[in-house]
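Taking it in order: structure first as structure tokens, then the write-up.
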Amino acid sequence: MIEFSPWPPEFADRYRAAGYWIDQPLTRILETQLVVDPTAEALICGDRRFSYADLDRLSRNLAARLAQAGLGRGDAALVQLPNVAEFYIVFFALLRIGVAPVNALFSHRRLELSSYAAQVAPRVVIASRAHELFRDDAFADELRAGGVEHLLFLGEDAPAHSLAHWLEPGCDLPQDAGPTPADQVAFFQLSGGSTGTPKLIPRTHNDYDYSIRASVAICGVTAATRFLCALPAGHNFTMSSPGVLGVFHAGGTVVMAPSPEPLTCFGLIAREGVTMAPLVPPAVALWLRAVEDDPARRAQLITLETMLVGGANFAEATARRVPELLDCRLQQVFGMAEGLVNYTRRDDPPGIVFATQGRPISPDDEIRVLDGDGRPVPDGTPGALATRGPYTFRGYYRSPEHNAEAFDSEGFYHSGDVVVRQNGYLRVVGRIKDQINRGGEKIAAEEIENLLLRHSDITHAALVSVPDAHLGEKSCAFLVLRHGAERLSPPALRRHLLDLGVAEYKLPDRFRFADALPLTAVGKIDKRSLRDSLAAVNA
């Protein structure tokens, strides 16, 4: 059975009384639209178009077959699908029968998927034959040996393992099948944490549904919204801020894109009349450059009303160019898969919109900005962010050692972000945790260091961030080799990491070799000194 850390009763009672928690499963998003307008266009994926009735029917078909196979409440699933309609069909199908999915990103490889499987012991894996791990059955056989009972694949011909086949009508959904209780785990989000093991974040129906509903109101999502899903479908930003689930909640239309590549997205915006698009800062830079290179492309964006930007630090100078070049409203987002989400508001003055990452969703989002000794700092002073509230989780899944570091005795989650608060608005200025934010993708330094140290010629490794105008941050690995070893080339080092199954976005951008690494007074690697040495070289 799936276990998690619930909110203390006094907080749960408060959140219900305030109307944040409505004790409804996330499946109510589809059920509501079936009453409002089942024929409305919910999802566009290439040449395929799905109404809300279509999403309901297909997800019910899959849910019924999975239930017939014996899956239900308390079970877990591991899902890895690209940006396709099936991602959301599978998501709702699993929720319908109380199976909690872990939605791995399509960029994840053996290391990440093996870790997720080890943590939740999934009974079913749903993936794509287009992914390198599943082009043959070698990794699938490993998963079966580890206890996975069912493997379904997008792009599979054999009916027993074909996701397309399982989406066809086959049996009725059992009367006793249904979602988990609203205060229990609905699914797992992925942490971009700073340690070597990918951590899982249990999200309940109540907390996630409130975040969605509040985001819809703040961002002005309606049934007329046509939303571009170009970032990875499993990202918290893409799912709920206001995300695809927010658009479904409002009865709008989601337009799938394979990636944020500007020319593809511009064509989709023009063809489908997209009104809202979420992007990370590096993708925004590419869109701006595309319009600068050919101003005529701006005509393709005529329907675009709002661009939401989050996931990484967004330079004010770049932010100011969004309405100027793309002729749309900018709304900044600072959120985390662990819970807290901040937005600039649609009626905020330009100085707020361009220079901050917004203020929290909820009046009951409690924010503390603390110094190194855990004492509050005055407004305008940088400090460490700590938060708790009606949609911020209370503990990583089966990870007591990480929870002891991340939570204080009052239940505040210490995110590792350094922020400045002014008049309730937050501006993100850095990180405390040993983590690199490469264009919105979080890379745990410890994970990559441990993998580098598995090379027989490497005795010490340190991964540090490097400022980058395009991605926000890149990474540089400092290495000490064993005595007598020949210097390793960057391609060889990256191949070493790839062979260990790490996702490509985690590969170091640079490598530097040293006879020894500098140490702090307590004997730890002095990463500040390493970053300073890079800055001196680049000055």
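Just so we're on the same page: first chain in the structure tokens is A, next is B, and so on; residues restart at 1 for each chain, and ligands are numbered from 1 in the order they show up.
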
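Contact shell of stretch 451-460 of chain A at 6 Å (only C-alpha atoms; same-chain neighbours under 4 positions omitted): Leu479, Val480, Leu481 and Arg482 of chain A.
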
Report task. Using DSSP on the backbone, list every residue of stretch 123-215 of chain A that comes out as helix (DSSP H, G or I), and give them as a ChimeraX atom specification. Result -> /A:132-134,138-145,159-161,163-166,205-215

What does the file look like for those residues with N, CA and C atoms, as a short mmCIF file (atom, residue, chain, number, x, y, z; two decimals), in the first residue's frame?
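So selection_19.cif came out as:
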data_model
loop_
_atom_site.label_atom_id
_atom_site.label_comp_id
_atom_site.auth_asym_id
_atom_site.auth_seq_id
_atom_site.Cartn_x
_atom_site.Cartn_y
_atom_site.Cartn_z
N GLU A 132 14.50 4.80 -26.37
CA GLU A 132 15.62 3.87 -26.57
C GLU A 132 15.60 2.70 -25.59
N LEU A 133 15.06 2.90 -24.37
CA LEU A 133 15.03 1.82 -23.39
C LEU A 133 14.09 0.70 -23.79
N PHE A 134 13.10 1.01 -24.61
CA PHE A 134 12.06 0.04 -24.90
C PHE A 134 12.01 -0.35 -26.38
N ALA A 138 14.94 -5.81 -23.49
CA ALA A 138 15.94 -6.07 -22.45
C ALA A 138 15.57 -5.38 -21.14
N PHE A 139 15.27 -4.08 -21.20
CA PHE A 139 14.92 -3.37 -19.96
C PHE A 139 13.55 -3.80 -19.47
N ALA A 140 12.63 -4.07 -20.39
CA ALA A 140 11.31 -4.56 -19.99
C ALA A 140 11.44 -5.86 -19.21
N ASP A 141 12.34 -6.73 -19.64
CA ASP A 141 12.54 -8.00 -18.93
C ASP A 141 13.11 -7.75 -17.53
N GLU A 142 13.98 -6.74 -17.39
CA GLU A 142 14.49 -6.38 -16.06
C GLU A 142 13.35 -5.93 -15.16
N LEU A 143 12.44 -5.13 -15.72
CA LEU A 143 11.31 -4.65 -14.92
C LEU A 143 10.41 -5.82 -14.50
N ARG A 144 10.19 -6.75 -15.42
CA ARG A 144 9.38 -7.93 -15.09
C ARG A 144 10.04 -8.72 -13.97
N ALA A 145 11.34 -8.87 -14.06
CA ALA A 145 12.06 -9.61 -13.02
C ALA A 145 11.96 -8.91 -11.67
N PRO A 159 -1.20 -7.41 -29.35
CA PRO A 159 -2.34 -6.91 -28.57
C PRO A 159 -2.14 -6.98 -27.06
N ALA A 160 -1.47 -8.01 -26.58
CA ALA A 160 -1.31 -8.16 -25.13
C ALA A 160 -0.53 -7.01 -24.51
N HIS A 161 0.32 -6.37 -25.31
CA HIS A 161 1.17 -5.30 -24.79
C HIS A 161 0.94 -3.97 -25.52
N LEU A 163 -0.77 -0.55 -26.07
CA LEU A 163 -1.60 0.45 -25.40
C LEU A 163 -2.83 0.76 -26.25
N ALA A 164 -2.65 0.85 -27.56
CA ALA A 164 -3.78 1.13 -28.45
C ALA A 164 -4.87 0.07 -28.30
N HIS A 165 -4.46 -1.19 -28.15
CA HIS A 165 -5.44 -2.27 -27.98
C HIS A 165 -6.16 -2.13 -26.65
N TRP A 166 -5.44 -1.80 -25.61
CA TRP A 166 -6.05 -1.68 -24.28
C TRP A 166 -6.97 -0.46 -24.18
N HIS A 205 -5.41 14.30 -4.14
CA HIS A 205 -6.46 14.93 -4.94
C HIS A 205 -6.77 16.32 -4.38
N ASN A 206 -6.93 16.42 -3.07
CA ASN A 206 -7.33 17.69 -2.48
C ASN A 206 -6.33 18.80 -2.73
N ASP A 207 -5.05 18.52 -2.47
CA ASP A 207 -4.08 19.61 -2.57
C ASP A 207 -3.84 20.00 -4.03
N TYR A 208 -3.77 19.01 -4.92
CA TYR A 208 -3.49 19.34 -6.32
C TYR A 208 -4.68 20.02 -6.98
N ASP A 209 -5.88 19.57 -6.64
CA ASP A 209 -7.07 20.17 -7.23
C ASP A 209 -7.21 21.62 -6.82
N TYR A 210 -6.88 21.93 -5.57
CA TYR A 210 -6.94 23.33 -5.15
C TYR A 210 -5.94 24.18 -5.93
N SER A 211 -4.73 23.69 -6.10
CA SER A 211 -3.72 24.43 -6.85
C SER A 211 -4.20 24.70 -8.27
N ILE A 212 -4.83 23.70 -8.88
CA ILE A 212 -5.35 23.86 -10.24
C ILE A 212 -6.44 24.92 -10.28
N ARG A 213 -7.43 24.79 -9.40
CA ARG A 213 -8.57 25.72 -9.43
C ARG A 213 -8.12 27.15 -9.19
N ALA A 214 -7.22 27.33 -8.23
CA ALA A 214 -6.74 28.68 -7.92
C ALA A 214 -5.93 29.25 -9.08
N SER A 215 -5.14 28.41 -9.73
CA SER A 215 -4.33 28.87 -10.86
C SER A 215 -5.22 29.29 -12.03
#

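When only C-alpha atoms are used to compute distances to A:Val429, the closest of the residues A:Leu500, A:Ala100, A:Ala158, A:Ala384 turns out to be A:Ala384.
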
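The closest residue to A:Val309, picked from A:Gly440, A:Gly380, A:Ser59, A:Ala250 and counting only C-alpha atoms, is A:Gly440.
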
Query raised in the report: Leaving out A:Ala386 and any residue of its chain fewer than 2 positions from it, which residues lie within 6 Å of it when counting only C-alpha atoms, given as a PyMOL selection string?
Result: chain A and resi 367-368+412-414

Go ahead and write the residues just picked, all heavy atoms, as an mmCIF file, in the first residue's frame.
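Just written: selection.cif:
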data_model
loop_
_atom_site.group_PDB
_atom_site.id
_atom_site.type_symbol
_atom_site.label_atom_id
_atom_site.label_comp_id
_atom_site.auth_asym_id
_atom_site.auth_seq_id
_atom_site.Cartn_x
_atom_site.Cartn_y
_atom_site.Cartn_z
ATOM 1 N N ILE A 367 4.850 31.989 4.244
ATOM 2 C CA ILE A 367 6.184 32.178 3.674
ATOM 3 C C ILE A 367 7.115 32.734 4.746
ATOM 4 O O ILE A 367 6.791 33.718 5.429
ATOM 5 C CB ILE A 367 6.144 33.174 2.485
ATOM 6 C CG1 ILE A 367 5.194 32.677 1.393
ATOM 7 C CG2 ILE A 367 7.555 33.399 1.929
ATOM 8 C CD1 ILE A 367 5.629 31.413 0.715
ATOM 9 N N ARG A 368 8.268 32.116 4.874
ATOM 10 C CA ARG A 368 9.325 32.642 5.727
ATOM 11 C C ARG A 368 10.584 32.793 4.885
ATOM 12 O O ARG A 368 10.920 31.905 4.094
ATOM 13 C CB ARG A 368 9.599 31.710 6.912
ATOM 14 C CG ARG A 368 8.458 31.651 7.921
ATOM 15 C CD ARG A 368 8.746 30.677 9.047
ATOM 16 N NE ARG A 368 7.680 30.686 10.036
ATOM 17 C CZ ARG A 368 7.605 29.857 11.084
ATOM 18 N NH1 ARG A 368 8.561 28.943 11.268
ATOM 19 N NH2 ARG A 368 6.595 29.933 11.934
ATOM 20 N N PHE A 412 7.350 23.369 8.076
ATOM 21 C CA PHE A 412 7.726 24.225 6.947
ATOM 22 C C PHE A 412 8.709 23.481 6.055
ATOM 23 O O PHE A 412 9.684 22.897 6.535
ATOM 24 C CB PHE A 412 8.359 25.521 7.427
ATOM 25 C CG PHE A 412 7.370 26.574 7.815
ATOM 26 C CD1 PHE A 412 6.767 26.553 9.068
ATOM 27 C CD2 PHE A 412 7.024 27.589 6.937
ATOM 28 C CE1 PHE A 412 5.849 27.513 9.436
ATOM 29 C CE2 PHE A 412 6.107 28.566 7.291
ATOM 30 C CZ PHE A 412 5.511 28.527 8.541
ATOM 31 N N TYR A 413 8.445 23.534 4.758
ATOM 32 C CA TYR A 413 9.347 22.948 3.767
ATOM 33 C C TYR A 413 10.395 23.972 3.374
ATOM 34 O O TYR A 413 10.068 25.093 2.958
ATOM 35 C CB TYR A 413 8.563 22.510 2.526
ATOM 36 C CG TYR A 413 9.435 22.110 1.364
ATOM 37 C CD1 TYR A 413 10.302 21.030 1.462
ATOM 38 C CD2 TYR A 413 9.405 22.830 0.165
ATOM 39 C CE1 TYR A 413 11.111 20.670 0.399
ATOM 40 C CE2 TYR A 413 10.208 22.470 -0.899
ATOM 41 C CZ TYR A 413 11.065 21.392 -0.782
ATOM 42 O OH TYR A 413 11.870 21.040 -1.833
ATOM 43 N N HIS A 414 11.666 23.612 3.506
ATOM 44 C CA HIS A 414 12.779 24.486 3.149
ATOM 45 C C HIS A 414 13.222 24.107 1.737
ATOM 46 O O HIS A 414 13.838 23.053 1.517
ATOM 47 C CB HIS A 414 13.908 24.344 4.162
ATOM 48 C CG HIS A 414 13.534 24.879 5.513
ATOM 49 N ND1 HIS A 414 14.120 25.999 6.062
ATOM 50 C CD2 HIS A 414 12.606 24.468 6.421
ATOM 51 C CE1 HIS A 414 13.582 26.258 7.248
ATOM 52 N NE2 HIS A 414 12.658 25.332 7.488
#

Report task. Would you kindly return, as an MDAnalysis selection string, each protein, DNA or RNA residue with an atom no farther than 9 Å from any atom of A:Tyr425, considering only C-alpha atoms and excluding same-chain residues fewer than 5 positions away? Result -> chainID A and resid 342:344 352 356:360 420

Using only N, CA and C atoms, please write the residues we just selected to a file, as a tab-separated table (two decimals), in the first residue's frame.
chain	number	residue	atom	x	y	z
A	342	ASN	N	3.76	30.64	-7.19
A	342	ASN	CA	3.59	32.09	-7.18
A	342	ASN	C	3.34	32.57	-8.61
A	343	TYR	N	2.50	33.59	-8.74
A	343	TYR	CA	2.24	34.20	-10.05
A	343	TYR	C	2.29	35.72	-9.93
A	344	THR	N	2.77	36.37	-10.97
A	344	THR	CA	2.41	37.77	-11.13
A	344	THR	C	0.96	37.79	-11.59
A	352	ILE	N	6.33	45.10	-11.57
A	352	ILE	CA	6.15	43.84	-10.85
A	352	ILE	C	6.27	42.66	-11.80
A	356	THR	N	9.72	40.50	-10.90
A	356	THR	CA	9.49	39.53	-9.82
A	356	THR	C	8.93	38.25	-10.40
A	357	GLN	N	8.90	37.23	-9.55
A	357	GLN	CA	8.31	35.94	-9.94
A	357	GLN	C	6.94	35.74	-9.29
A	358	GLY	N	6.35	36.84	-8.81
A	358	GLY	CA	4.97	36.78	-8.36
A	358	GLY	C	4.81	36.58	-6.87
A	359	ARG	N	3.54	36.42	-6.47
A	359	ARG	CA	3.21	36.17	-5.07
A	359	ARG	C	2.38	34.89	-4.99
A	360	PRO	N	2.28	34.29	-3.80
A	360	PRO	CA	1.66	32.97	-3.67
A	360	PRO	C	0.19	32.95	-4.08
A	420	VAL	N	14.15	37.13	-2.45
A	420	VAL	CA	13.94	38.44	-1.83
A	420	VAL	C	12.44	38.69	-1.84

Query - Residues near A:Ala290, cut-off 8 Å, only C-alpha atoms, skip fewer than 6 positions along chain, as a list of chain:residue names - result: A:Pro262, A:Leu263, A:Arg297

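The set of residues in stretch 382-415 of chain A assigned to strand (DSSP E or B) by DSSP, using only backbone atoms of this structure, is Gly383, Ala384, Leu385, Ala386, Thr387, Arg388, Phe407, Tyr413, His414 and Ser415 of chain A.
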
Give me a file of those residues, with all heavy atoms, as a tab-separated table (two decimals), in the first residue's frame.
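Saved result, out.tsv, follows:
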chain	number	residue	atom	x	y	z
A	383	GLY	N	17.20	35.75	1.45
A	383	GLY	CA	17.17	34.73	2.49
A	383	GLY	C	16.64	33.42	1.94
A	383	GLY	O	16.16	33.34	0.80
A	384	ALA	N	16.72	32.38	2.75
A	384	ALA	CA	16.27	31.05	2.35
A	384	ALA	C	14.76	30.95	2.49
A	384	ALA	O	14.17	31.37	3.49
A	384	ALA	CB	16.95	30.00	3.22
A	385	LEU	N	14.13	30.36	1.48
A	385	LEU	CA	12.68	30.24	1.45
A	385	LEU	C	12.22	29.01	2.22
A	385	LEU	O	12.70	27.90	1.99
A	385	LEU	CB	12.19	30.15	0.01
A	385	LEU	CG	10.70	29.86	-0.21
A	385	LEU	CD1	9.84	30.99	0.33
A	385	LEU	CD2	10.41	29.62	-1.68
A	386	ALA	N	11.25	29.22	3.12
A	386	ALA	CA	10.56	28.12	3.80
A	386	ALA	C	9.06	28.37	3.68
A	386	ALA	O	8.61	29.52	3.76
A	386	ALA	CB	10.97	28.05	5.27
A	387	THR	N	8.29	27.31	3.48
A	387	THR	CA	6.87	27.49	3.22
A	387	THR	C	6.05	26.30	3.70
A	387	THR	O	6.55	25.18	3.78
A	387	THR	CB	6.62	27.72	1.71
A	387	THR	OG1	5.23	27.97	1.48
A	387	THR	CG2	7.05	26.50	0.90
A	388	ARG	N	4.80	26.57	4.03
A	388	ARG	CA	3.81	25.51	4.23
A	388	ARG	C	2.45	26.08	3.82
A	388	ARG	O	2.27	27.30	3.76
A	388	ARG	CB	3.78	25.00	5.67
A	388	ARG	CG	3.25	25.99	6.68
A	388	ARG	CD	3.29	25.44	8.10
A	388	ARG	NE	2.75	26.43	9.03
A	388	ARG	CZ	2.80	26.33	10.35
A	388	ARG	NH1	3.37	25.27	10.92
A	388	ARG	NH2	2.27	27.27	11.12
A	407	PHE	N	12.40	19.53	6.15
A	407	PHE	CA	11.30	20.06	6.95
A	407	PHE	C	11.78	20.41	8.35
A	407	PHE	O	12.61	19.71	8.93
A	407	PHE	CB	10.16	19.03	7.05
A	407	PHE	CG	9.44	18.82	5.76
A	407	PHE	CD1	9.90	17.88	4.84
A	407	PHE	CD2	8.32	19.54	5.44
A	407	PHE	CE1	9.26	17.68	3.64
A	407	PHE	CE2	7.65	19.35	4.25
A	407	PHE	CZ	8.12	18.42	3.34
A	413	TYR	N	8.45	23.53	4.76
A	413	TYR	CA	9.35	22.95	3.77
A	413	TYR	C	10.39	23.97	3.37
A	413	TYR	O	10.07	25.09	2.96
A	413	TYR	CB	8.56	22.51	2.53
A	413	TYR	CG	9.43	22.11	1.36
A	413	TYR	CD1	10.30	21.03	1.46
A	413	TYR	CD2	9.40	22.83	0.16
A	413	TYR	CE1	11.11	20.67	0.40
A	413	TYR	CE2	10.21	22.47	-0.90
A	413	TYR	CZ	11.07	21.39	-0.78
A	413	TYR	OH	11.87	21.04	-1.83
A	414	HIS	N	11.67	23.61	3.51
A	414	HIS	CA	12.78	24.49	3.15
A	414	HIS	C	13.22	24.11	1.74
A	414	HIS	O	13.84	23.05	1.52
A	414	HIS	CB	13.91	24.34	4.16
A	414	HIS	CG	13.53	24.88	5.51
A	414	HIS	ND1	14.12	26.00	6.06
A	414	HIS	CD2	12.61	24.47	6.42
A	414	HIS	CE1	13.58	26.26	7.25
A	414	HIS	NE2	12.66	25.33	7.49
A	415	SER	N	12.90	24.96	0.78
A	415	SER	CA	13.01	24.61	-0.63
A	415	SER	C	14.43	24.65	-1.17
A	415	SER	O	14.70	24.08	-2.23
A	415	SER	CB	12.13	25.54	-1.46
A	415	SER	OG	12.70	26.83	-1.55

Report summary line: From atom CA of A:Tyr391 to atom CA of A:Glu410 the spacing works out at 15.9 Å

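Note that the spacing between atom CA of A:Gln119 and atom CA of A:Phe187 amounts to 13.4 Å.
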
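Separating atom CA of A:Glu401 from atom CA of A:Thr180 is a distance of 27.1 Å.
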
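Compared by their closest atoms to A:Ala233, and using only C-alpha atoms, the residues A:Leu304, A:Val377, A:Leu330, A:Val79 rank with A:Val79 nearest.
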
Requested in this report: Name the closest residue to A:Ala104 among the candidates A:Ser409, A:Ala503, A:Asp56, A:Arg298; distances are taken between atoms, counting only C-alpha atoms.
Outcome: A:Ala503

Report task. Determine, counting only C-alpha atoms, which protein, DNA and RNA residues have an atom within 10 Å of an atom of A:Pro122; residues of the same chain fewer than 4 positions away are not included. Present the result as a list of chain:residue names. Result -> A:Asp75, A:Ala76, A:Ala77, A:Leu78, A:Val79, A:Val99, A:Ala100, A:Pro101, A:Val102, A:Tyr116, A:Ala117, A:Ala118, A:Leu143, A:Gly146, A:Gly147, A:Val148, A:Glu149, A:His150

Export C-alpha atoms of the chosen residues as an mmCIF file, in the first residue's frame?
data_model
loop_
_atom_site.group_PDB
_atom_site.id
_atom_site.type_symbol
_atom_site.label_atom_id
_atom_site.label_comp_id
_atom_site.auth_asym_id
_atom_site.auth_seq_id
_atom_site.Cartn_x
_atom_site.Cartn_y
_atom_site.Cartn_z
ATOM 1 C CA ASP A 75 -1.146 0.066 -6.545
ATOM 2 C CA ALA A 76 1.388 2.201 -8.411
ATOM 3 C CA ALA A 77 2.222 2.636 -12.092
ATOM 4 C CA LEU A 78 5.325 3.883 -13.877
ATOM 5 C CA VAL A 79 4.458 5.915 -16.974
ATOM 6 C CA VAL A 99 -3.603 3.505 -9.185
ATOM 7 C CA ALA A 100 -1.002 6.190 -8.455
ATOM 8 C CA PRO A 101 1.256 6.940 -11.434
ATOM 9 C CA VAL A 102 4.831 8.172 -11.431
ATOM 10 C CA TYR A 116 11.361 5.152 -9.530
ATOM 11 C CA ALA A 117 10.499 1.479 -9.949
ATOM 12 C CA ALA A 118 12.514 0.585 -6.860
ATOM 13 C CA LEU A 143 11.313 -4.654 -14.920
ATOM 14 C CA GLY A 146 11.644 -6.821 -10.472
ATOM 15 C CA GLY A 147 7.927 -7.489 -10.075
ATOM 16 C CA VAL A 148 6.215 -5.540 -12.871
ATOM 17 C CA GLU A 149 3.253 -7.627 -14.037
ATOM 18 C CA HIS A 150 2.021 -5.662 -17.046
#

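Shortest separation to A:Ala312 among A:Val464, A:Val428, A:Leu81, A:Ala93 occurs at residue A:Val428, atoms counted being only C-alpha atoms.
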
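Omitting A:Ala355 and its sequence neighbours fewer than 4 positions away, and counting only C-alpha atoms, the residues within 10 Å are Phe314, Ala315, Glu316, Ala317, Ala319, Arg320, Gln332, Thr344, Pro350, Gly351, Tyr425, Leu426, Arg427 and Val428 of chain A.
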
Query raised in the report: Nearest to A:Ser259 among A:Gly246, A:His402, A:Asp54, A:Ser107, with distances taken over only C-alpha atoms: which residue is it?
Result: A:Ser107

Quick one: contact table of stretch 390-487 of chain A to stretch 1-15 of chain A, 9 Å max, nearest atom pair and distance in Å to one decimal per residue, counting only C-alpha atoms, chain and number order, as a tab-separated table?
residue	atom	partner	partner_atom	distance
A:Pro390	CA	A:Tyr15	CA	6.1
A:Phe393	CA	A:Trp7	CA	8.0
A:Arg394	CA	A:Ser5	CA	5.6
A:Gly395	CA	A:Ser5	CA	5.5
A:Tyr396	CA	A:Phe4	CA	7.8
A:Tyr397	CA	A:Phe4	CA	6.1
A:Arg398	CA	A:Phe4	CA	7.5
A:Gly411	CA	A:Trp7	CA	9.0

Would you write out those residues with N, CA, C and O atoms, as a PDB file, in the first residue's frame?
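Saved to out31.pdb:
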ATOM      1  N   PRO A 390      -1.801  24.904   1.951  1.00  0.00           N
ATOM      2  CA  PRO A 390      -2.817  23.902   1.616  1.00  0.00           C
ATOM      3  C   PRO A 390      -2.492  23.015   0.427  1.00  0.00           C
ATOM      4  O   PRO A 390      -3.241  22.081   0.148  1.00  0.00           O
ATOM      5  N   PHE A 393       3.368  19.861   0.034  1.00  0.00           N
ATOM      6  CA  PHE A 393       3.403  18.516   0.622  1.00  0.00           C
ATOM      7  C   PHE A 393       4.042  18.513   2.001  1.00  0.00           C
ATOM      8  O   PHE A 393       4.654  19.495   2.436  1.00  0.00           O
ATOM      9  N   ARG A 394       3.921  17.377   2.672  1.00  0.00           N
ATOM     10  CA  ARG A 394       4.432  17.244   4.031  1.00  0.00           C
ATOM     11  C   ARG A 394       5.549  16.214   4.155  1.00  0.00           C
ATOM     12  O   ARG A 394       6.005  15.932   5.253  1.00  0.00           O
ATOM     13  N   GLY A 395       5.986  15.658   3.025  1.00  0.00           N
ATOM     14  CA  GLY A 395       7.099  14.719   3.123  1.00  0.00           C
ATOM     15  C   GLY A 395       7.318  13.944   1.844  1.00  0.00           C
ATOM     16  O   GLY A 395       6.358  13.549   1.178  1.00  0.00           O
ATOM     17  N   TYR A 396       8.595  13.738   1.478  1.00  0.00           N
ATOM     18  CA  TYR A 396       8.932  12.896   0.337  1.00  0.00           C
ATOM     19  C   TYR A 396       8.533  11.448   0.637  1.00  0.00           C
ATOM     20  O   TYR A 396       8.454  11.025   1.798  1.00  0.00           O
ATOM     21  N   TYR A 397       8.302  10.698  -0.430  1.00  0.00           N
ATOM     22  CA  TYR A 397       7.828   9.327  -0.287  1.00  0.00           C
ATOM     23  C   TYR A 397       8.941   8.411   0.215  1.00  0.00           C
ATOM     24  O   TYR A 397       9.996   8.300  -0.405  1.00  0.00           O
ATOM     25  N   ARG A 398       8.668   7.786   1.358  1.00  0.00           N
ATOM     26  CA  ARG A 398       9.601   6.810   1.936  1.00  0.00           C
ATOM     27  C   ARG A 398      11.032   7.323   1.944  1.00  0.00           C
ATOM     28  O   ARG A 398      11.969   6.646   1.505  1.00  0.00           O
ATOM     29  N   GLY A 411       6.748  21.948  10.352  1.00  0.00           N
ATOM     30  CA  GLY A 411       6.185  21.483   9.091  1.00  0.00           C
ATOM     31  C   GLY A 411       6.457  22.394   7.918  1.00  0.00           C
ATOM     32  O   GLY A 411       5.865  22.203   6.841  1.00  0.00           O
TER      33      GLY A 411
END
